[in-house]
file input_12.cif (mmCIF, C-alpha atoms)
data_input
#
loop_
_atom_site.label_atom_id
_atom_site.label_comp_id
_atom_site.auth_asym_id
_atom_site.auth_seq_id
_atom_site.Cartn_x
_atom_site.Cartn_y
_atom_site.Cartn_z
CA MET A 75 6.97 73.71 33.94
CA ASP A 76 7.22 72.41 30.46
CA ALA A 77 10.13 74.69 29.67
CA THR A 78 12.37 73.17 32.32
CA ALA A 79 11.57 69.55 31.58
CA VAL A 80 14.31 67.83 29.62
CA ARG A 81 12.91 66.01 26.65
CA THR A 82 15.29 63.76 24.80
CA GLY A 83 12.85 62.26 22.39
CA THR A 84 13.82 58.79 23.56
CA GLU A 85 11.03 58.31 26.07
CA GLY A 86 9.63 54.83 25.91
CA LYS A 87 12.46 53.62 23.65
CA THR A 88 14.97 50.92 24.58
CA TRP A 89 17.72 53.32 25.67
CA GLY A 90 15.37 55.98 26.99
CA GLY A 91 16.01 55.10 30.61
CA GLY A 92 13.85 53.41 33.16
CA ASN A 93 14.31 49.96 31.72
CA GLN A 94 17.11 47.41 31.38
CA PRO A 95 18.24 47.32 27.74
CA LEU A 96 20.88 44.63 28.37
CA GLY A 97 18.68 42.61 30.67
CA GLY A 98 20.85 43.25 33.69
CA SER A 99 20.49 45.47 36.71
CA TYR A 100 22.60 48.59 37.20
CA GLY A 101 24.92 46.91 39.71
CA LYS A 102 25.56 43.92 37.51
CA LEU A 103 26.33 46.05 34.46
CA MET A 104 28.72 48.22 36.46
CA MET A 105 30.47 45.05 37.63
CA TRP A 106 30.89 44.05 34.00
CA PHE A 107 32.28 47.51 33.15
CA PHE A 108 34.78 47.11 35.96
CA ILE A 109 35.71 43.56 35.00
CA LEU A 110 36.28 44.54 31.38
CA SER A 111 38.53 47.48 32.27
CA ASP A 112 40.37 45.46 34.90
CA GLY A 113 40.77 42.65 32.41
CA LEU A 114 42.37 45.07 29.97
CA THR A 115 44.73 46.22 32.73
CA PHE A 116 45.81 42.65 33.39
CA SER A 117 46.23 41.92 29.71
CA ALA A 118 48.39 45.03 29.41
CA PHE A 119 50.62 43.66 32.19
CA LEU A 120 50.83 40.25 30.58
CA ALA A 121 51.47 41.77 27.15
CA ALA A 122 54.27 43.87 28.68
CA TYR A 123 55.66 40.65 30.15
CA GLY A 124 55.56 39.14 26.66
CA PHE A 125 57.28 42.21 25.26
CA SER A 126 60.17 41.97 27.71
CA ARG A 127 60.41 38.26 27.28
CA PHE A 128 60.64 38.54 23.50
CA LYS A 129 63.24 41.26 23.95
CA PHE A 130 65.40 39.06 26.20
CA ILE A 131 64.27 35.74 24.79
CA GLU A 132 67.69 34.06 25.11
CA GLU A 133 68.37 35.02 28.70
CA TRP A 134 64.90 34.57 30.21
CA PRO A 135 64.82 32.20 33.20
CA ILE A 136 63.29 28.76 32.66
CA ALA A 137 60.19 28.60 34.87
CA ASP A 138 60.63 24.91 35.71
CA GLU A 139 64.01 25.69 37.28
CA VAL A 140 62.68 28.62 39.28
CA PHE A 141 59.41 27.28 40.66
CA ASN A 142 60.39 23.74 41.58
CA HIS A 143 59.67 23.67 45.29
CA PHE A 144 57.02 21.72 47.13
CA PRO A 145 56.34 21.90 50.86
CA PHE A 146 58.10 19.18 52.92
CA LEU A 147 60.02 18.01 49.85
CA HIS A 148 63.25 19.84 50.48
CA GLY A 149 65.81 19.54 47.71
CA VAL A 150 63.46 17.57 45.46
CA ASP A 151 63.04 18.98 41.98
CA ALA A 152 59.23 19.20 41.70
CA PRO A 153 58.24 21.73 39.08
CA MET A 154 54.57 22.52 38.41
CA TYR A 155 53.03 20.45 41.22
CA TYR A 156 52.73 23.28 43.71
CA VAL A 157 51.32 25.85 41.32
CA ALA A 158 49.00 23.21 39.86
CA SER A 159 47.50 22.56 43.28
CA MET A 160 47.10 26.32 43.79
CA THR A 161 45.22 26.42 40.49
CA PHE A 162 42.91 23.64 41.63
CA VAL A 163 42.17 25.43 44.90
CA LEU A 164 41.17 28.55 42.98
CA ILE A 165 39.07 26.68 40.41
CA PHE A 166 37.31 24.80 43.18
CA SER A 167 36.58 28.00 45.10
CA SER A 168 35.06 29.30 41.85
CA VAL A 169 32.82 26.23 41.78
CA THR A 170 31.60 26.79 45.34
CA MET A 171 31.03 30.45 44.49
CA VAL A 172 28.84 29.63 41.51
CA LEU A 173 27.00 27.06 43.64
CA ALA A 174 26.35 29.85 46.18
CA VAL A 175 24.97 32.05 43.38
CA ASP A 176 22.75 29.21 42.21
CA ALA A 177 21.50 28.56 45.76
CA GLY A 178 20.79 32.30 46.02
CA HIS A 179 18.62 32.11 42.91
CA HIS A 180 16.49 29.57 44.77
CA MET A 181 16.51 31.60 48.01
CA LYS A 182 18.20 28.84 49.99
CA LYS A 183 19.89 30.89 52.66
CA ASN A 184 21.75 28.11 54.48
CA LYS A 185 23.24 26.73 51.29
CA VAL A 186 24.44 30.19 50.29
CA ILE A 187 26.10 30.58 53.68
CA TRP A 188 28.00 27.29 53.47
CA TYR A 189 29.07 27.68 49.85
CA MET A 190 30.30 31.23 50.48
CA PHE A 191 32.17 30.01 53.55
CA ALA A 192 33.93 27.37 51.43
CA THR A 193 34.76 30.02 48.83
CA ILE A 194 36.36 32.29 51.43
CA ILE A 195 38.41 29.40 52.84
CA GLY A 196 39.60 28.50 49.32
CA GLY A 197 40.63 32.11 48.71
CA ILE A 198 42.58 32.27 51.96
CA ILE A 199 44.39 29.02 51.14
CA PHE A 200 45.32 30.42 47.73
CA VAL A 201 46.73 33.67 49.11
CA GLY A 202 48.65 31.76 51.76
CA ALA A 203 50.08 29.45 49.11
CA GLN A 204 51.14 32.45 47.08
CA ALA A 205 52.90 33.93 50.12
CA TRP A 206 54.86 30.69 50.53
CA GLU A 207 55.86 30.75 46.89
CA TRP A 208 57.00 34.36 47.14
CA THR A 209 59.07 33.48 50.21
CA LYS A 210 60.84 30.68 48.35
CA PHE A 211 61.41 32.95 45.36
CA ILE A 212 62.79 35.81 47.48
CA GLN A 213 65.08 33.53 49.51
CA GLY A 214 66.52 31.82 46.46
CA GLU A 215 68.22 28.48 46.52
CA TYR A 216 71.66 28.25 44.93
CA GLY A 217 72.81 31.84 44.60
CA ALA A 218 74.63 33.28 41.61
CA VAL A 219 77.20 35.82 40.51
CA GLU A 220 76.19 39.01 38.75
CA THR A 221 78.32 40.47 35.97
CA ASN A 222 79.10 44.05 34.94
CA ALA A 223 76.24 43.95 32.46
CA GLY A 224 73.79 42.72 35.09
CA ARG A 225 73.78 39.22 33.64
CA ILE A 226 73.74 36.14 35.85
CA LEU A 227 76.36 33.40 36.15
CA GLN A 228 75.23 30.25 37.93
CA PHE A 229 77.36 27.29 38.98
CA VAL A 230 77.12 23.59 38.13
CA ASN A 231 79.32 20.57 38.76
CA THR A 232 80.75 18.44 35.98
CA GLU A 233 77.50 16.41 35.81
CA GLY A 234 75.58 19.60 35.08
CA GLU A 235 73.81 19.70 38.45
CA ARG A 236 73.39 23.05 40.14
CA VAL A 237 75.77 23.85 43.01
CA ALA A 238 75.04 26.33 45.76
CA LEU A 239 77.58 29.09 46.40
CA GLU A 240 78.13 27.97 50.02
CA ASP A 241 79.13 24.51 48.85
CA PHE A 242 82.34 25.62 47.18
CA ALA A 243 83.05 29.12 48.45
CA GLY A 244 86.18 29.45 50.56
CA GLN A 245 86.42 31.11 53.95
CA LEU A 246 88.15 34.47 54.01
CA PRO A 247 88.53 36.81 56.98
CA SER A 248 86.15 39.73 56.66
CA GLU A 249 85.11 42.56 58.93
CA ARG A 250 82.04 43.43 56.94
CA THR A 251 78.83 43.40 59.03
CA VAL A 252 75.20 44.27 58.38
CA LEU A 253 74.71 48.03 58.21
CA THR A 254 72.14 49.17 60.78
CA ARG A 255 70.50 52.56 61.17
CA SER A 256 72.36 53.17 64.43
CA GLU A 257 75.73 52.64 62.73
CA ALA A 258 74.96 54.54 59.53
CA LEU A 259 75.61 58.17 58.71
CA TRP A 260 72.28 59.21 57.29
CA TYR A 261 69.17 57.04 57.30
CA GLN A 262 70.98 54.13 55.70
CA SER A 263 70.50 50.51 56.50
CA GLU A 264 70.43 47.12 54.84
CA SER A 265 68.22 44.18 55.62
CA SER A 266 70.72 41.37 55.24
CA MET A 267 74.02 40.32 53.74
CA PRO A 268 74.78 37.42 51.42
CA THR A 269 76.10 34.43 53.34
CA VAL A 270 79.24 34.43 51.20
CA THR A 271 81.26 37.28 49.72
CA TYR A 272 82.28 37.57 46.09
CA SER A 273 85.97 37.11 46.87
CA GLU A 274 85.15 33.92 48.79
CA VAL A 275 83.20 32.59 45.81
CA LEU A 276 86.04 33.48 43.45
CA ALA A 277 88.68 31.88 45.69
CA GLY A 278 86.64 28.71 46.14
CA PHE A 279 85.91 28.52 42.43
CA MET A 280 89.59 28.78 41.46
CA GLU A 281 90.50 25.89 43.77
CA ASP A 282 87.80 23.45 42.73
CA ASP A 283 88.20 22.13 39.18
CA ASN A 284 84.80 20.44 39.22
CA ILE A 285 82.82 23.68 39.30
CA LEU A 286 81.72 25.18 35.98
CA VAL A 287 79.92 28.39 35.11
CA ARG A 288 76.45 28.21 33.62
CA THR A 289 75.49 31.42 31.80
CA ASP A 290 71.94 32.70 31.38
CA VAL A 291 72.03 32.17 27.59
CA ILE A 292 69.60 29.53 26.35
CA ASN A 293 71.18 27.29 23.71
CA GLU A 294 69.44 25.58 20.79
CA ASN A 295 68.43 22.64 23.03
CA GLY A 296 66.39 24.98 25.20
CA GLN A 297 68.85 24.73 28.09
CA LYS A 298 71.20 27.22 29.69
CA THR A 299 74.75 27.18 28.29
CA ILE A 300 77.46 25.50 30.41
CA LEU A 301 80.98 26.80 29.80
CA SER A 302 84.16 24.72 29.81
CA ARG A 303 86.53 25.08 32.79
CA GLU A 304 88.84 27.52 30.93
CA GLU A 305 85.94 29.61 29.65
CA SER A 306 84.41 29.56 33.12
CA ILE A 307 87.55 30.93 34.77
CA LYS A 308 87.88 33.61 32.10
CA LYS A 309 84.21 34.62 32.30
CA LEU A 310 84.08 34.76 36.08
CA SER A 311 87.33 36.64 36.65
CA GLU A 312 86.72 39.16 33.87
CA ASP A 313 82.99 39.86 34.20
CA GLY A 314 81.86 38.95 37.71
CA VAL A 315 81.19 41.76 40.17
CA GLY A 316 79.09 40.47 43.04
CA VAL A 317 77.03 37.80 44.72
CA VAL A 318 73.25 37.51 44.34
CA GLN A 319 71.19 35.28 46.61
CA GLY A 320 67.46 35.21 46.03
CA ALA A 321 65.53 37.88 44.24
CA ASN A 322 64.24 41.39 44.70
CA LEU A 323 63.26 44.13 42.27
CA LYS A 324 66.86 44.94 41.30
CA HIS A 325 68.76 41.66 41.47
CA ASN A 326 67.66 38.18 40.73
CA GLU A 327 69.67 34.97 40.97
CA TYR A 328 67.44 33.20 38.46
CA GLY A 329 68.29 35.40 35.47
CA ALA A 330 66.97 38.65 34.00
CA PRO A 331 65.91 41.03 36.83
CA LEU A 332 62.83 41.92 34.76
CA PHE A 333 61.57 38.38 35.33
CA ALA A 334 61.41 38.99 39.08
CA ASP A 335 59.86 42.43 38.53
CA PHE A 336 57.06 41.01 36.43
CA PHE A 337 56.62 38.06 38.76
CA PHE A 338 56.22 40.30 41.80
CA PHE A 339 54.06 42.80 39.98
CA ILE A 340 51.64 40.51 38.16
CA THR A 341 51.22 37.77 40.77
CA GLY A 342 51.18 40.51 43.40
CA PHE A 343 48.45 42.43 41.63
CA HIS A 344 46.52 39.21 41.21
CA GLY A 345 47.05 38.31 44.87
CA PHE A 346 45.79 41.76 45.79
CA HIS A 347 42.64 41.06 43.77
CA VAL A 348 42.18 37.74 45.55
CA SER A 349 42.60 39.48 48.91
CA THR A 350 40.01 42.16 48.13
CA GLY A 351 37.79 39.41 46.74
CA ILE A 352 38.03 37.59 50.07
CA LEU A 353 37.22 40.83 51.89
CA ILE A 354 34.14 41.55 49.76
CA ASN A 355 33.09 37.92 50.07
CA ILE A 356 33.30 38.17 53.87
CA ILE A 357 31.15 41.31 53.88
CA ILE A 358 28.51 39.67 51.69
CA PHE A 359 28.82 36.47 53.75
CA PHE A 360 27.83 38.31 56.94
CA ASN A 361 25.05 40.12 55.08
CA VAL A 362 23.68 36.73 54.06
CA ILE A 363 23.88 35.48 57.65
CA ILE A 364 21.98 38.43 59.09
CA GLY A 365 19.39 37.98 56.39
CA THR A 366 19.80 41.22 54.43
CA TYR A 367 19.16 39.56 51.07
CA GLU A 368 16.41 37.38 52.45
CA ARG A 369 14.50 40.54 53.36
CA ARG A 370 15.43 42.21 50.07
CA GLY A 371 13.97 39.22 48.28
CA SER A 372 16.98 38.85 45.99
CA TYR A 373 20.48 37.44 46.32
CA GLU A 374 21.83 39.46 43.41
CA MET A 375 24.66 40.89 45.52
CA VAL A 376 26.02 37.35 45.81
CA GLU A 377 25.91 37.12 42.02
CA ARG A 378 27.84 40.39 41.64
CA VAL A 379 30.61 39.42 44.02
CA GLY A 380 30.57 36.05 42.29
CA LEU A 381 31.31 37.75 38.97
CA TYR A 382 34.35 39.41 40.54
CA TRP A 383 35.52 36.14 42.07
CA HIS A 384 35.28 34.29 38.76
CA PHE A 385 37.16 37.10 37.09
CA VAL A 386 40.02 36.62 39.55
CA ASP A 387 40.02 32.91 38.65
CA LEU A 388 39.96 33.82 34.96
CA VAL A 389 43.03 36.02 35.33
CA TRP A 390 44.86 33.26 37.20
CA VAL A 391 44.26 30.88 34.30
CA PHE A 392 46.26 33.25 32.09
CA VAL A 393 48.94 34.02 34.68
CA PHE A 394 49.41 30.27 35.18
CA THR A 395 49.94 29.74 31.47
CA PHE A 396 52.28 32.61 30.80
CA PHE A 397 54.42 32.37 33.93
CA TYR A 398 54.66 28.65 34.49
CA LEU A 399 53.85 26.79 31.28
CA VAL A 400 54.88 28.71 28.18
CA MET B 194 18.25 34.46 33.31
CA ALA B 195 15.27 35.77 35.19
CA HIS B 196 15.36 33.98 38.48
CA ASP B 197 12.30 34.49 40.50
CA ALA B 198 11.73 32.64 43.70
CA SER B 199 8.22 31.74 42.62
CA HIS B 200 9.48 30.10 39.42
CA THR B 201 11.80 27.78 41.23
CA ASN B 202 11.42 24.16 40.45
CA GLU B 203 13.66 21.29 41.29
CA SER B 204 14.41 20.06 37.77
CA LYS B 205 15.67 23.48 36.68
CA SER B 206 17.79 23.71 39.80
CA ASN B 207 19.29 20.29 39.19
CA SER B 208 20.22 21.07 35.60
CA ALA B 209 22.03 24.27 36.66
CA VAL B 210 23.98 22.40 39.35
CA LYS B 211 24.75 19.61 36.89
CA ARG B 212 26.12 22.16 34.44
CA ILE B 213 28.40 23.60 37.15
CA TRP B 214 29.91 20.20 37.97
CA THR B 215 30.32 19.34 34.28
CA VAL B 216 32.24 22.55 33.75
CA PHE B 217 34.35 21.85 36.83
CA ILE B 218 35.29 18.46 35.42
CA ILE B 219 36.17 20.00 32.05
CA LEU B 220 38.35 22.67 33.68
CA SER B 221 40.08 20.08 35.89
CA VAL B 222 40.81 17.72 33.00
CA VAL B 223 42.20 20.55 30.89
CA THR B 224 44.38 21.74 33.78
CA ILE B 225 45.68 18.21 34.38
CA VAL B 226 46.53 17.88 30.68
CA GLU B 227 48.39 21.21 30.85
CA VAL B 228 50.33 20.17 33.94
CA VAL B 229 51.25 16.77 32.50
CA LEU B 230 52.44 18.39 29.26
CA GLY B 231 54.30 20.99 31.33
CA ILE B 232 56.13 18.34 33.34
CA PHE B 233 57.02 15.94 30.53
CA ARG B 234 57.36 18.44 27.67
CA PRO B 235 57.27 15.91 24.80
CA GLU B 236 60.19 16.49 22.47
CA PHE B 237 58.30 16.50 19.21
CA LEU B 238 56.03 19.26 20.52
CA GLU B 239 59.07 21.23 21.70
CA ASP B 240 60.88 20.88 18.40
CA THR B 241 57.98 21.60 16.06
CA TYR B 242 57.46 25.24 15.32
CA LEU B 243 54.26 26.79 14.01
CA ALA B 244 54.30 30.47 13.06
CA ARG B 245 57.62 30.88 14.92
CA MET B 246 56.29 29.46 18.18
CA LYS B 247 56.67 26.00 19.68
CA LEU B 248 53.69 23.73 19.08
CA LEU B 249 53.64 23.02 22.82
CA ASN B 250 53.17 26.71 23.60
CA TRP B 251 50.36 26.90 21.05
CA ILE B 252 48.65 24.00 22.81
CA PHE B 253 49.00 25.72 26.19
CA ILE B 254 47.53 28.97 24.88
CA ILE B 255 44.63 27.28 23.09
CA LEU B 256 43.79 25.23 26.20
CA THR B 257 43.92 28.44 28.26
CA VAL B 258 41.47 30.21 25.98
CA TYR B 259 39.27 27.10 26.12
CA LYS B 260 39.26 27.29 29.92
CA ALA B 261 38.60 31.04 29.81
CA TYR B 262 35.60 30.37 27.59
CA TYR B 263 34.05 27.96 30.09
CA ILE B 264 34.74 30.22 33.09
CA THR B 265 33.13 33.20 31.35
CA TRP B 266 30.22 31.38 29.76
CA ALA B 267 29.24 28.98 32.56
CA PHE B 268 30.54 30.48 35.80
CA MET B 269 29.99 34.13 34.91
CA HIS B 270 26.63 33.29 33.28
CA MET B 271 27.59 34.88 29.98
CA GLU B 272 25.58 32.21 28.14
CA HIS B 273 22.39 33.53 29.74
CA GLU B 274 23.04 37.24 29.14
CA THR B 275 21.58 39.15 26.22
CA LYS B 276 23.47 39.22 22.97
CA GLY B 277 24.17 42.92 23.39
CA LEU B 278 25.87 42.55 26.77
CA ARG B 279 27.82 39.51 25.64
CA ARG B 280 29.14 41.18 22.53
CA SER B 281 29.99 44.49 24.17
CA VAL B 282 32.11 42.71 26.78
CA VAL B 283 33.66 39.87 24.80
CA TRP B 284 34.34 41.59 21.49
CA THR B 285 35.86 44.64 23.16
CA ALA B 286 38.22 42.49 25.19
CA VAL B 287 39.13 40.12 22.38
CA PHE B 288 39.91 42.78 19.79
CA LEU B 289 41.79 45.14 22.08
CA ILE B 290 43.86 42.35 23.62
CA ALA B 291 44.67 40.77 20.24
CA TYR B 292 45.81 44.16 18.94
CA LEU B 293 47.87 44.95 22.03
CA VAL B 294 49.56 41.57 22.13
CA PHE B 295 50.37 41.63 18.42
CA ILE B 296 51.88 45.09 18.53
CA LEU B 297 53.93 44.55 21.72
CA LEU B 298 55.29 41.16 20.72
CA THR B 299 56.27 42.43 17.27
CA GLU B 300 58.08 45.35 18.86
CA GLY B 301 59.79 43.15 21.46
CA ASP B 302 61.03 40.83 18.74
CA TYR B 303 62.35 43.79 16.76
CA ILE B 304 64.24 45.20 19.75
CA HIS B 305 65.69 41.76 20.37
CA ASP B 306 67.06 41.77 16.81
CA VAL B 307 68.50 45.24 17.29
CA TYR B 308 70.36 44.05 20.40
CA ALA B 309 71.46 40.79 18.78
CA ASN B 310 72.63 42.21 15.44
CA GLY B 311 74.00 45.56 16.54
CA PHE B 312 77.69 46.34 16.98
CA GLN B 313 77.39 46.88 20.70
CA ASN B 314 78.07 43.91 22.94
CA TRP B 315 75.57 43.80 25.79
CA ASP B 316 77.20 40.94 27.68
CA PHE B 317 80.31 42.19 29.47
#

call {"tool": "encode", "arguments": {"input": "input_12.cif", "output": "structure tokens"}}
result
Amino acid sequence: MDATAVRTGTEGKTWGGGNQPLGGSYGKLMMWFFILSDGLTFSAFLAAYGFSRFKFIEEWPIADEVFNHFPFLHGVDAPMYYVASMTFVLIFSSVTMVLAVDAGHHMKKNKVIWYMFATIIGGIIFVGAQAWEWTKFIQGEYGAVETNAGRILQFVNTEGERVALEDFAGQLPSERTVLTRSEALWYQSESSMPTVTYSEVLAGFMEDDNILVRTDVINENGQKTILSREESIKKLSEDGVGVVQGANLKHNEYGAPLFADFFFFITGFHGFHVSTGILINIIIFFNVIIGTYERRGSYEMVERVGLYWHFVDLVWVFVFTFFYLV
Amino acid sequence: MAHDASHTNESKSNSAVKRIWTVFIILSVVTIVEVVLGIFRPEFLEDTYLARMKLLNWIFIILTVYKAYYITWAFMHMEHETKGLRRSVVWTAVFLIAYLVFILLTEGDYIHDVYANGFQNWDF
């Protein structure tokens, strides 16, 4: 049988197999492999975001103007507070997770159960909070006009405060209705229509001398440029093509459409990670309850899912910085 | 860290839990500082540029890396792993990400200049 035996000459050496050269079990090392590669994926997304932002540095939306909502504070300009509380929820769920891992090291089953339960609740709150933020982002607030070049023109009054399209748009007779599948020729439909039409916005704008156009160009003071009344009329009548309310992957009332694309993609991918993290946490949670790890004599599975959960928190720390702060 | 049920003792357990709460306090304080700076945006930090970036943004990024360090080292137990595991994870990530970010941001800046200084008007 000697001829068939594979001899590598590494028997008994560190990397010869059968031992743990890096002091970790197979499952834990594989989790680190995964986390490293997933971390590189996320950094590629964020680096691509940086690339596009540097490319369109003067027309990039200002985060404080986009994410300034807080539940029950309608119309109040509250940047940062909401996303900061989301961050705290996630950091705290990381703390309960690491406490669960620590309790597992000491084989304290009941503590593991309660800490994991708290972690799952924290994760669910975070995903729910993200859904609310997406809703606000998709709905939009003031609306804007898009130009031929795909640039965004927003509207302010003479004090420089933002004005919603509905507030100054005129009323024109229109027979345009939402296109439904039953009315369309071939599998066409649309989900909704803007509440005002472009011609209504234009008519209302021409009548009201207090409304000015704010372009998406950032001036040297770090604010968006506000045009004079004459420039506004010229800009809007020459360049404007349509109304944008809210944001999707193609149009975006806040500024460069790429901003919305990256927002949906990166926070969405992160939210997907949180969701799968919750799912895996729930599976492990029930395994803890039925005593699987108690019988196995080791709570290492809790530690592995903990690694994943902390990684999700780690990614959020970077997303928070590059989307909301910088 | 070799955790064996038989080696459990209360003092060791307490020190691990204490470390967790210390790190939580550090992360919270750093986050609060970030949020306060993000809301007030002090003018001198906005107007001072270091290596073509606002000082404020440098502060945000450094604080973020500081938080990332604590999450990885304390929460993900990197401080208790062997040197080999630590280096193969951290160095790989740090070098590849630094390279990627440098190259993409340089290219983005260049394309911006091409758009800004070219003869084609992109705003019509």

call {"tool": "interface_residues", "arguments": {"input": "input_12.cif", "of": "chain B", "to": "chain A", "cutoff": "8 Å", "atoms": "all atoms listed in the file", "output": "number ranges by chain"}}
result
B: 196-198, 201, 206, 209-210, 213-214, 217, 220-221, 224, 227-228, 231-232, 249-250, 253-254, 257, 260-261, 264-265, 268-269, 274-275, 277-278, 282, 286, 289-290, 293-294, 297-298, 300-305, 315-317

call {"tool": "atom_distance", "arguments": {"input": "input_12.cif", "atom1": "atom CA of Leu147 of chain A", "atom2": "atom CA of Val386 of chain A"}}
result
29.2 Å

call {"tool": "resolve_selection", "arguments": {"input": "input_12.cif", "expression": "the PyMOL selection byres ((chain A and resi 240) around 9)", "output": "ChimeraX atom specification"}}
result
/A:216-217,237-239,241-244,269-270,275

call {"tool": "residues_around", "arguments": {"input": "input_12.cif", "residues": "Lys308 of chain A", "least_positions_apart": "6", "cutoff": "12 Å", "atoms": "all atoms listed in the file", "output": "JSON, numbers by chain"}}
result
{"A": [276, 279, 280, 286, 287, 301, 302, 314], "B": [317]}

call {"tool": "resolve_selection", "arguments": {"input": "input_12.cif", "expression": "the PyMOL selection byres ((chain A and resi 292) around 10)", "output": "ChimeraX atom specification"}}
result
/A:131-136,289-291,293-300

call {"tool": "resolve_selection", "arguments": {"input": "input_12.cif", "expression": "the PyMOL selection byres ((chain A and resi 248) around 12)", "output": "VMD selection string"}}
result
chain A and resid 244 to 247 249 to 252 269 to 274

call {"tool": "atom_distance", "arguments": {"input": "input_12.cif", "atom1": "atom CA of Thr209 of chain A", "atom2": "atom CA of Ala334 of chain A"}}
result
12.6 Å

call {"tool": "atom_distance", "arguments": {"input": "input_12.cif", "atom1": "atom CA of Asn326 of chain A", "atom2": "atom CA of Phe397 of chain A"}}
result
16.0 Å

call {"tool": "closest_residue", "arguments": {"input": "input_12.cif", "among": "A:Pro268, A:Gly196, A:Gly91, A:Gly214", "to": "His143 of chain A", "atoms": "only C-alpha atoms"}}
result
A:Gly214

call {"tool": "residues_around", "arguments": {"input": "input_12.cif", "residues": "Glu327 of chain A", "least_positions_apart": "3", "cutoff": "9 Å", "atoms": "only C-alpha atoms", "output": "list in words"}}
result
Gly214, Glu215, Tyr216, Gly217, Ala218, Val219, Glu220, Ile226, Leu227, Gln228, Val317, Val318, Gln319, Gly320, Ala321, Ala330 and Pro331 of chain A

call {"tool": "build_atoms", "arguments": {"input": "input_12.cif", "residues": "segment 317-328 of chain A", "atoms": "N, CA, C and O atoms", "output": "PDB file, in the coordinates of the input"}}
result
ATOM      1  N   VAL A 317      77.815  38.991  44.404  1.00  0.00           N
ATOM      2  CA  VAL A 317      77.030  37.800  44.720  1.00  0.00           C
ATOM      3  C   VAL A 317      75.545  38.168  44.793  1.00  0.00           C
ATOM      4  O   VAL A 317      75.197  39.216  45.323  1.00  0.00           O
ATOM      5  N   VAL A 318      74.697  37.333  44.217  1.00  0.00           N
ATOM      6  CA  VAL A 318      73.250  37.510  44.340  1.00  0.00           C
ATOM      7  C   VAL A 318      72.674  36.249  44.968  1.00  0.00           C
ATOM      8  O   VAL A 318      72.934  35.144  44.502  1.00  0.00           O
ATOM      9  N   GLN A 319      71.911  36.422  46.039  1.00  0.00           N
ATOM     10  CA  GLN A 319      71.190  35.280  46.610  1.00  0.00           C
ATOM     11  C   GLN A 319      69.728  35.657  46.712  1.00  0.00           C
ATOM     12  O   GLN A 319      69.372  36.615  47.386  1.00  0.00           O
ATOM     13  N   GLY A 320      68.888  34.911  46.018  1.00  0.00           N
ATOM     14  CA  GLY A 320      67.460  35.210  46.030  1.00  0.00           C
ATOM     15  C   GLY A 320      67.114  36.273  45.023  1.00  0.00           C
ATOM     16  O   GLY A 320      67.858  36.505  44.066  1.00  0.00           O
ATOM     17  N   ALA A 321      65.993  36.918  45.236  1.00  0.00           N
ATOM     18  CA  ALA A 321      65.530  37.880  44.240  1.00  0.00           C
ATOM     19  C   ALA A 321      64.841  39.050  44.914  1.00  0.00           C
ATOM     20  O   ALA A 321      64.160  38.901  45.919  1.00  0.00           O
ATOM     21  N   ASN A 322      65.070  40.238  44.355  1.00  0.00           N
ATOM     22  CA  ASN A 322      64.240  41.390  44.700  1.00  0.00           C
ATOM     23  C   ASN A 322      64.005  42.153  43.405  1.00  0.00           C
ATOM     24  O   ASN A 322      64.173  41.605  42.321  1.00  0.00           O
ATOM     25  N   LEU A 323      63.614  43.422  43.499  1.00  0.00           N
ATOM     26  CA  LEU A 323      63.260  44.130  42.270  1.00  0.00           C
ATOM     27  C   LEU A 323      64.479  44.529  41.446  1.00  0.00           C
ATOM     28  O   LEU A 323      64.355  44.856  40.274  1.00  0.00           O
ATOM     29  N   LYS A 324      65.683  44.499  42.044  1.00  0.00           N
ATOM     30  CA  LYS A 324      66.860  44.940  41.300  1.00  0.00           C
ATOM     31  C   LYS A 324      67.757  43.783  40.890  1.00  0.00           C
ATOM     32  O   LYS A 324      68.390  43.833  39.843  1.00  0.00           O
ATOM     33  N   HIS A 325      67.870  42.788  41.743  1.00  0.00           N
ATOM     34  CA  HIS A 325      68.760  41.660  41.470  1.00  0.00           C
ATOM     35  C   HIS A 325      67.972  40.373  41.573  1.00  0.00           C
ATOM     36  O   HIS A 325      67.009  40.287  42.324  1.00  0.00           O
ATOM     37  N   ASN A 326      68.453  39.383  40.844  1.00  0.00           N
ATOM     38  CA  ASN A 326      67.660  38.180  40.730  1.00  0.00           C
ATOM     39  C   ASN A 326      68.588  37.046  40.357  1.00  0.00           C
ATOM     40  O   ASN A 326      69.212  37.071  39.305  1.00  0.00           O
ATOM     41  N   GLU A 327      68.713  36.054  41.237  1.00  0.00           N
ATOM     42  CA  GLU A 327      69.670  34.970  40.970  1.00  0.00           C
ATOM     43  C   GLU A 327      69.221  34.041  39.871  1.00  0.00           C
ATOM     44  O   GLU A 327      69.973  33.205  39.406  1.00  0.00           O
ATOM     45  N   TYR A 328      67.953  34.151  39.451  1.00  0.00           N
ATOM     46  CA  TYR A 328      67.440  33.200  38.460  1.00  0.00           C
ATOM     47  C   TYR A 328      67.730  33.640  37.023  1.00  0.00           C
ATOM     48  O   TYR A 328      67.616  32.843  36.098  1.00  0.00           O
TER      49      TYR A 328
END
